[in-house]
>>> print(open('upload_5.cif').read())   # mmCIF, N, CA, C and O atoms
data_my_file
loop_
_atom_site.label_atom_id
_atom_site.label_comp_id
_atom_site.auth_asym_id
_atom_site.auth_seq_id
_atom_site.Cartn_x
_atom_site.Cartn_y
_atom_site.Cartn_z
N VAL A 1 122.91 90.89 106.75
CA VAL A 1 123.03 89.61 107.41
C VAL A 1 121.89 88.72 106.92
O VAL A 1 120.74 89.15 106.90
N LYS A 2 122.20 87.51 106.56
CA LYS A 2 121.17 86.57 106.11
C LYS A 2 120.53 85.89 107.31
O LYS A 2 121.13 85.06 107.95
N VAL A 3 119.28 86.28 107.62
CA VAL A 3 118.59 85.66 108.73
C VAL A 3 117.75 84.47 108.29
O VAL A 3 117.39 83.62 109.08
N ILE A 4 117.44 84.41 107.00
CA ILE A 4 116.68 83.29 106.42
C ILE A 4 117.61 82.57 105.46
O ILE A 4 118.27 83.18 104.63
N LYS A 5 117.63 81.25 105.57
CA LYS A 5 118.45 80.43 104.68
C LYS A 5 117.56 79.43 103.97
O LYS A 5 116.50 79.06 104.46
N ARG A 6 118.02 79.01 102.82
CA ARG A 6 117.33 77.93 102.11
C ARG A 6 117.66 76.64 102.83
O ARG A 6 118.81 76.33 103.08
N GLY A 7 116.62 75.89 103.17
CA GLY A 7 116.82 74.64 103.86
C GLY A 7 116.94 73.46 102.93
O GLY A 7 117.80 72.61 103.07
N PHE A 8 116.07 73.41 101.94
CA PHE A 8 116.00 72.29 101.02
C PHE A 8 115.77 72.82 99.61
O PHE A 8 115.33 73.94 99.42
N PHE A 9 116.04 71.95 98.64
CA PHE A 9 115.74 72.30 97.26
C PHE A 9 114.24 72.54 97.15
O PHE A 9 113.43 71.82 97.70
N SER A 10 113.86 73.56 96.43
CA SER A 10 112.44 73.83 96.23
C SER A 10 112.18 74.10 94.75
O SER A 10 113.08 74.45 94.00
N ARG A 11 110.93 73.95 94.38
CA ARG A 11 110.54 74.22 92.99
C ARG A 11 110.43 75.73 92.79
O ARG A 11 110.26 76.49 93.73
N ARG A 12 110.51 76.15 91.55
CA ARG A 12 110.36 77.58 91.23
C ARG A 12 108.93 78.00 91.54
O ARG A 12 107.99 77.35 91.11
N GLN A 13 108.78 79.06 92.28
CA GLN A 13 107.46 79.54 92.70
C GLN A 13 106.60 79.98 91.51
O GLN A 13 105.39 79.87 91.55
N LYS A 14 107.24 80.44 90.46
CA LYS A 14 106.54 81.02 89.31
C LYS A 14 105.46 80.11 88.74
O LYS A 14 104.41 80.58 88.31
N THR A 15 105.69 78.82 88.75
CA THR A 15 104.77 77.88 88.10
C THR A 15 103.73 77.29 89.05
O THR A 15 102.89 76.51 88.63
N LEU A 16 103.74 77.69 90.33
CA LEU A 16 102.89 77.05 91.33
C LEU A 16 101.65 77.87 91.68
O LEU A 16 101.65 79.09 91.57
N SER A 17 100.61 77.16 92.14
CA SER A 17 99.39 77.83 92.62
C SER A 17 99.68 78.46 93.98
O SER A 17 100.73 78.23 94.58
N VAL A 18 98.73 79.22 94.50
CA VAL A 18 98.91 79.88 95.79
C VAL A 18 99.19 78.85 96.89
O VAL A 18 100.13 79.00 97.67
N GLY A 19 98.40 77.79 96.96
CA GLY A 19 98.59 76.76 97.98
C GLY A 19 99.92 76.04 97.83
O GLY A 19 100.60 75.75 98.81
N GLU A 20 100.28 75.74 96.58
CA GLU A 20 101.55 75.07 96.32
C GLU A 20 102.73 75.96 96.69
O GLU A 20 103.75 75.48 97.18
N ARG A 21 102.59 77.26 96.46
CA ARG A 21 103.66 78.20 96.81
C ARG A 21 103.93 78.20 98.31
O ARG A 21 105.07 78.20 98.74
N LYS A 22 102.85 78.17 99.09
CA LYS A 22 103.03 78.18 100.55
C LYS A 22 103.73 76.90 101.01
O LYS A 22 104.68 76.95 101.79
N LYS A 23 103.27 75.75 100.53
CA LYS A 23 103.90 74.48 100.90
C LYS A 23 105.36 74.44 100.47
O LYS A 23 106.23 73.98 101.19
N ASN A 24 105.63 74.93 99.27
CA ASN A 24 106.99 74.97 98.74
C ASN A 24 107.88 75.86 99.62
O ASN A 24 108.99 75.48 99.97
N ALA A 25 107.38 77.02 100.01
CA ALA A 25 108.15 77.94 100.85
C ALA A 25 108.38 77.36 102.24
O ALA A 25 109.45 77.56 102.82
N GLU A 26 107.41 76.64 102.77
CA GLU A 26 107.57 76.03 104.10
C GLU A 26 108.72 75.02 104.11
O GLU A 26 109.40 74.87 105.11
N ARG A 27 108.91 74.33 103.00
CA ARG A 27 110.00 73.36 102.90
C ARG A 27 111.34 74.05 102.58
O ARG A 27 112.39 73.53 102.91
N ALA A 28 111.27 75.19 101.93
CA ALA A 28 112.48 75.81 101.38
C ALA A 28 113.28 76.65 102.36
O ALA A 28 114.48 76.79 102.20
N PHE A 29 112.62 77.23 103.36
CA PHE A 29 113.31 78.22 104.20
C PHE A 29 113.43 77.80 105.65
O PHE A 29 112.60 77.06 106.17
N ARG A 30 114.48 78.34 106.30
CA ARG A 30 114.66 78.16 107.74
C ARG A 30 115.42 79.36 108.27
O ARG A 30 116.06 80.10 107.51
N VAL A 31 115.35 79.56 109.57
CA VAL A 31 116.06 80.67 110.20
C VAL A 31 117.53 80.28 110.36
O VAL A 31 117.85 79.17 110.75
N ASN A 32 118.41 81.22 110.05
CA ASN A 32 119.84 81.01 110.23
C ASN A 32 120.14 80.98 111.73
O ASN A 32 120.01 81.99 112.42
N GLU A 33 120.50 79.82 112.23
CA GLU A 33 120.73 79.65 113.67
C GLU A 33 121.92 80.45 114.20
O GLU A 33 122.07 80.63 115.40
N LYS A 34 122.75 80.98 113.31
CA LYS A 34 123.91 81.77 113.72
C LYS A 34 123.55 83.24 113.98
O LYS A 34 124.39 84.01 114.44
N VAL A 35 122.30 83.61 113.69
CA VAL A 35 121.86 84.99 113.87
C VAL A 35 120.82 85.05 114.98
O VAL A 35 119.83 84.32 114.94
N ASP A 36 121.04 85.90 115.97
CA ASP A 36 120.11 86.05 117.09
C ASP A 36 119.04 87.07 116.71
O ASP A 36 119.33 88.25 116.53
N VAL A 37 117.80 86.61 116.58
CA VAL A 37 116.70 87.51 116.22
C VAL A 37 115.78 87.82 117.41
O VAL A 37 114.86 88.61 117.29
N ILE A 38 116.07 87.22 118.55
CA ILE A 38 115.19 87.37 119.72
C ILE A 38 115.07 88.84 120.12
O ILE A 38 116.06 89.53 120.35
N GLY A 39 113.81 89.31 120.13
CA GLY A 39 113.51 90.68 120.53
C GLY A 39 113.85 91.74 119.50
O GLY A 39 113.71 92.93 119.78
N ARG A 40 114.27 91.35 118.33
CA ARG A 40 114.69 92.31 117.29
C ARG A 40 113.62 92.50 116.22
O ARG A 40 112.79 91.64 115.99
N THR A 41 113.72 93.64 115.55
CA THR A 41 112.91 93.88 114.36
C THR A 41 113.75 93.44 113.17
O THR A 41 114.90 93.86 113.03
N VAL A 42 113.18 92.58 112.34
CA VAL A 42 113.89 92.05 111.18
C VAL A 42 113.26 92.63 109.92
O VAL A 42 112.03 92.64 109.78
N VAL A 43 114.09 93.13 109.02
CA VAL A 43 113.62 93.65 107.74
C VAL A 43 114.08 92.69 106.65
O VAL A 43 115.26 92.40 106.53
N LEU A 44 113.12 92.19 105.87
CA LEU A 44 113.42 91.27 104.77
C LEU A 44 113.15 91.97 103.44
O LEU A 44 112.16 92.69 103.29
N PHE A 45 114.04 91.74 102.48
CA PHE A 45 113.90 92.30 101.14
C PHE A 45 113.66 91.17 100.16
O PHE A 45 114.27 90.11 100.25
N ASP A 46 112.77 91.40 99.20
CA ASP A 46 112.51 90.43 98.14
C ASP A 46 112.41 91.21 96.83
O ASP A 46 112.08 92.40 96.83
N ASP A 47 112.70 90.55 95.74
CA ASP A 47 112.62 91.25 94.47
C ASP A 47 111.17 91.47 94.04
O ASP A 47 110.77 92.57 93.73
N VAL A 48 110.35 90.40 94.07
CA VAL A 48 108.97 90.50 93.63
C VAL A 48 108.06 89.74 94.60
O VAL A 48 108.36 88.62 94.98
N SER A 49 106.96 90.36 94.96
CA SER A 49 105.94 89.69 95.76
C SER A 49 104.80 89.29 94.83
O SER A 49 104.26 90.14 94.12
N THR A 50 104.46 88.02 94.84
CA THR A 50 103.39 87.54 93.96
C THR A 50 102.15 87.20 94.79
O THR A 50 101.13 87.86 94.67
N THR A 51 102.24 86.18 95.61
CA THR A 51 101.10 85.79 96.45
C THR A 51 101.32 86.11 97.92
O THR A 51 100.38 86.04 98.70
N GLY A 52 102.53 86.43 98.29
CA GLY A 52 102.85 86.69 99.69
C GLY A 52 103.18 85.43 100.47
O GLY A 52 103.41 85.47 101.68
N ALA A 53 103.23 84.27 99.80
CA ALA A 53 103.49 83.00 100.48
C ALA A 53 104.86 82.99 101.15
O ALA A 53 104.99 82.60 102.31
N THR A 54 105.88 83.43 100.45
CA THR A 54 107.23 83.44 101.02
C THR A 54 107.29 84.37 102.22
O THR A 54 107.83 84.01 103.27
N MET A 55 106.70 85.54 102.10
CA MET A 55 106.70 86.49 103.20
C MET A 55 105.96 85.94 104.41
O MET A 55 106.40 86.08 105.55
N SER A 56 104.84 85.30 104.18
CA SER A 56 104.05 84.72 105.26
C SER A 56 104.83 83.64 106.01
O SER A 56 104.86 83.62 107.24
N VAL A 57 105.47 82.77 105.26
CA VAL A 57 106.25 81.69 105.87
C VAL A 57 107.44 82.26 106.64
O VAL A 57 107.72 81.85 107.77
N CYS A 58 108.13 83.22 106.06
CA CYS A 58 109.30 83.82 106.72
C CYS A 58 108.89 84.55 108.00
O CYS A 58 109.59 84.48 109.01
N ARG A 59 107.76 85.24 107.97
CA ARG A 59 107.26 85.92 109.18
C ARG A 59 107.02 84.89 110.28
O ARG A 59 107.43 85.09 111.43
N LYS A 60 106.38 83.79 109.96
CA LYS A 60 106.09 82.75 110.95
C LYS A 60 107.39 82.18 111.53
O LYS A 60 107.52 82.01 112.74
N LEU A 61 108.34 81.87 110.65
CA LEU A 61 109.62 81.33 111.11
C LEU A 61 110.33 82.29 112.06
O LEU A 61 110.84 81.89 113.10
N LEU A 62 110.36 83.56 111.69
CA LEU A 62 111.08 84.55 112.49
C LEU A 62 110.38 84.85 113.81
O LEU A 62 111.05 84.99 114.84
N THR A 63 109.06 84.95 113.81
CA THR A 63 108.37 85.19 115.07
C THR A 63 108.48 83.98 115.99
O THR A 63 108.63 84.13 117.20
N ASN A 64 108.45 82.78 115.42
CA ASN A 64 108.66 81.57 116.23
C ASN A 64 110.07 81.53 116.81
O ASN A 64 110.28 80.94 117.87
N ALA A 65 111.02 82.15 116.13
CA ALA A 65 112.40 82.20 116.61
C ALA A 65 112.62 83.35 117.60
O ALA A 65 113.72 83.51 118.12
N GLY A 66 111.58 84.17 117.82
CA GLY A 66 111.66 85.22 118.82
C GLY A 66 111.74 86.64 118.31
O GLY A 66 111.88 87.57 119.11
N ALA A 67 111.67 86.86 117.00
CA ALA A 67 111.71 88.22 116.47
C ALA A 67 110.52 89.03 117.00
O ALA A 67 109.40 88.52 117.08
N ALA A 68 110.77 90.28 117.38
CA ALA A 68 109.72 91.15 117.89
C ALA A 68 108.80 91.61 116.78
O ALA A 68 107.58 91.74 116.96
N ASP A 69 109.36 91.86 115.60
CA ASP A 69 108.58 92.34 114.46
C ASP A 69 109.30 91.97 113.18
O ASP A 69 110.53 91.82 113.17
N VAL A 70 108.54 91.81 112.11
CA VAL A 70 109.11 91.48 110.80
C VAL A 70 108.52 92.46 109.79
O VAL A 70 107.30 92.58 109.68
N ILE A 71 109.38 93.15 109.07
CA ILE A 71 108.96 94.11 108.05
C ILE A 71 109.44 93.58 106.70
O ILE A 71 110.58 93.15 106.56
N PHE A 72 108.56 93.64 105.71
CA PHE A 72 108.90 93.16 104.37
C PHE A 72 108.92 94.31 103.38
O PHE A 72 108.03 95.16 103.40
N LEU A 73 109.92 94.30 102.52
CA LEU A 73 110.02 95.27 101.44
C LEU A 73 110.26 94.50 100.15
O LEU A 73 111.09 93.60 100.10
N ALA A 74 109.50 94.83 99.10
CA ALA A 74 109.67 94.19 97.80
C ALA A 74 109.82 95.28 96.75
O ALA A 74 109.17 96.33 96.83
N ILE A 75 110.65 95.01 95.77
CA ILE A 75 110.86 95.97 94.68
C ILE A 75 109.63 96.06 93.80
O ILE A 75 109.24 97.11 93.34
N GLY A 76 108.99 94.93 93.56
CA GLY A 76 107.82 94.90 92.69
C GLY A 76 106.76 93.95 93.22
O GLY A 76 107.00 93.15 94.12
N MET A 77 105.57 94.07 92.64
CA MET A 77 104.46 93.21 93.01
C MET A 77 103.71 92.83 91.73
O MET A 77 103.45 93.69 90.89
N THR A 78 103.40 91.55 91.60
CA THR A 78 102.68 91.13 90.41
C THR A 78 101.18 91.32 90.60
O THR A 78 100.68 91.38 91.72
N GLU A 79 100.49 91.40 89.50
CA GLU A 79 99.05 91.51 89.51
C GLU A 79 98.47 90.12 89.81
O GLU A 79 98.91 89.13 89.23
N PRO A 80 97.48 90.04 90.72
CA PRO A 80 96.87 88.73 91.01
C PRO A 80 96.31 88.08 89.75
O PRO A 80 95.84 88.76 88.85
N ARG A 81 96.40 86.74 89.69
CA ARG A 81 95.94 86.02 88.51
C ARG A 81 94.50 86.31 88.15
O ARG A 81 94.14 86.41 87.00
N SER A 82 93.63 86.46 89.15
CA SER A 82 92.21 86.73 88.87
C SER A 82 92.05 88.04 88.12
O SER A 82 91.20 88.16 87.24
N GLN A 83 92.87 89.05 88.42
CA GLN A 83 92.80 90.31 87.72
C GLN A 83 93.38 90.20 86.32
O GLN A 83 92.89 90.83 85.39
N LYS A 84 94.41 89.37 86.14
CA LYS A 84 94.98 89.19 84.81
C LYS A 84 93.94 88.60 83.87
O LYS A 84 93.81 89.03 82.74
N VAL A 85 93.17 87.64 84.34
CA VAL A 85 92.15 87.00 83.51
C VAL A 85 91.06 88.01 83.16
O VAL A 85 90.63 88.11 82.02
N ASN A 86 90.63 88.80 84.14
CA ASN A 86 89.54 89.76 83.92
C ASN A 86 89.95 90.94 83.04
O ASN A 86 89.12 91.56 82.43
N ASN A 87 91.24 91.25 82.97
CA ASN A 87 91.69 92.40 82.21
C ASN A 87 92.05 92.07 80.76
O ASN A 87 92.39 92.95 80.00
N LYS A 88 91.97 90.79 80.37
CA LYS A 88 92.29 90.43 78.99
C LYS A 88 91.21 90.95 78.04
O LYS A 88 90.03 90.94 78.34
N ILE A 89 91.65 91.39 76.88
CA ILE A 89 90.71 91.93 75.89
C ILE A 89 90.36 90.86 74.88
O ILE A 89 91.11 90.06 74.49
#
>>> encode(input="upload_5.cif", output="C-alpha cells")
Amino acid sequence: VKVIKRGFFSRRQKTLSVGERKKNAERAFRVNEKVDVIGRTVVLFDDVSTTGATMSVCRKLLTNAGAADVIFLAIGMTEPRSQKVNNKI
C-alpha cells in the first residue's frame, strides 16, 4: 500500500546538497489521505539511502499523521561525500 505519495514535481536528489535534498523532499512528498496510519507501524522501502533526507521527511509526515512508528529499509547506502573526498588516491 502506498502511504507516501509524490505531491509536487521535484528535482533529482542526486545533484543536490544535503540541505537542498531536505527542502526538495519536503515539497515532493505527502501522506496518502486514503490510507489510515493512525496508531500503526509503517514500514517504508527505498532503493538507496544517501543523506537520509527523504527518510527524515517521510518519518515527520507519517508521525504527524498519527503513525505509532516508522521503520525504514533501504537496499543500499551511499558513502558520505566527505569520505569519498578523503578516500581518493
>>> atom_distance(input="upload_5.cif", atom1="atom O of Asn32 in chain A", atom2="atom O of Lys60 in chain A")
12.5 Å
>>> residues_near_point(input="upload_5.cif", point="(109.7, 95.0, 95.4)", cutoff="12 Å", atoms="only C-alpha atoms", output="list in words")
Leu44, Phe45, Asp46, Asp47, Val48, Ser49, Thr50, Gly52, Met55, Phe72, Leu73, Ala74, Ile75, Gly76, Met77 and Thr78 of chain A
>>> atom_distance(input="upload_5.cif", atom1="CA of Ala68 in chain A", atom2="CA of Asp36 in chain A")
11.6 Å
>>> resolve_selection(input="upload_5.cif", expression="the PyMOL selection byres ((chain A and resi 1) around 8)", output="list of chain:residue names")
A:Lys2, A:Val3, A:Ile4, A:Val35, A:Val43, A:Leu44
>>> residues_around(input="upload_5.cif", residues="Val70 in chain A", least_positions_apart="6", cutoff="6 Å", atoms="only N, CA, C and O atoms", output="list in words")
Arg40, Thr41, Val42 and Val43 of chain A
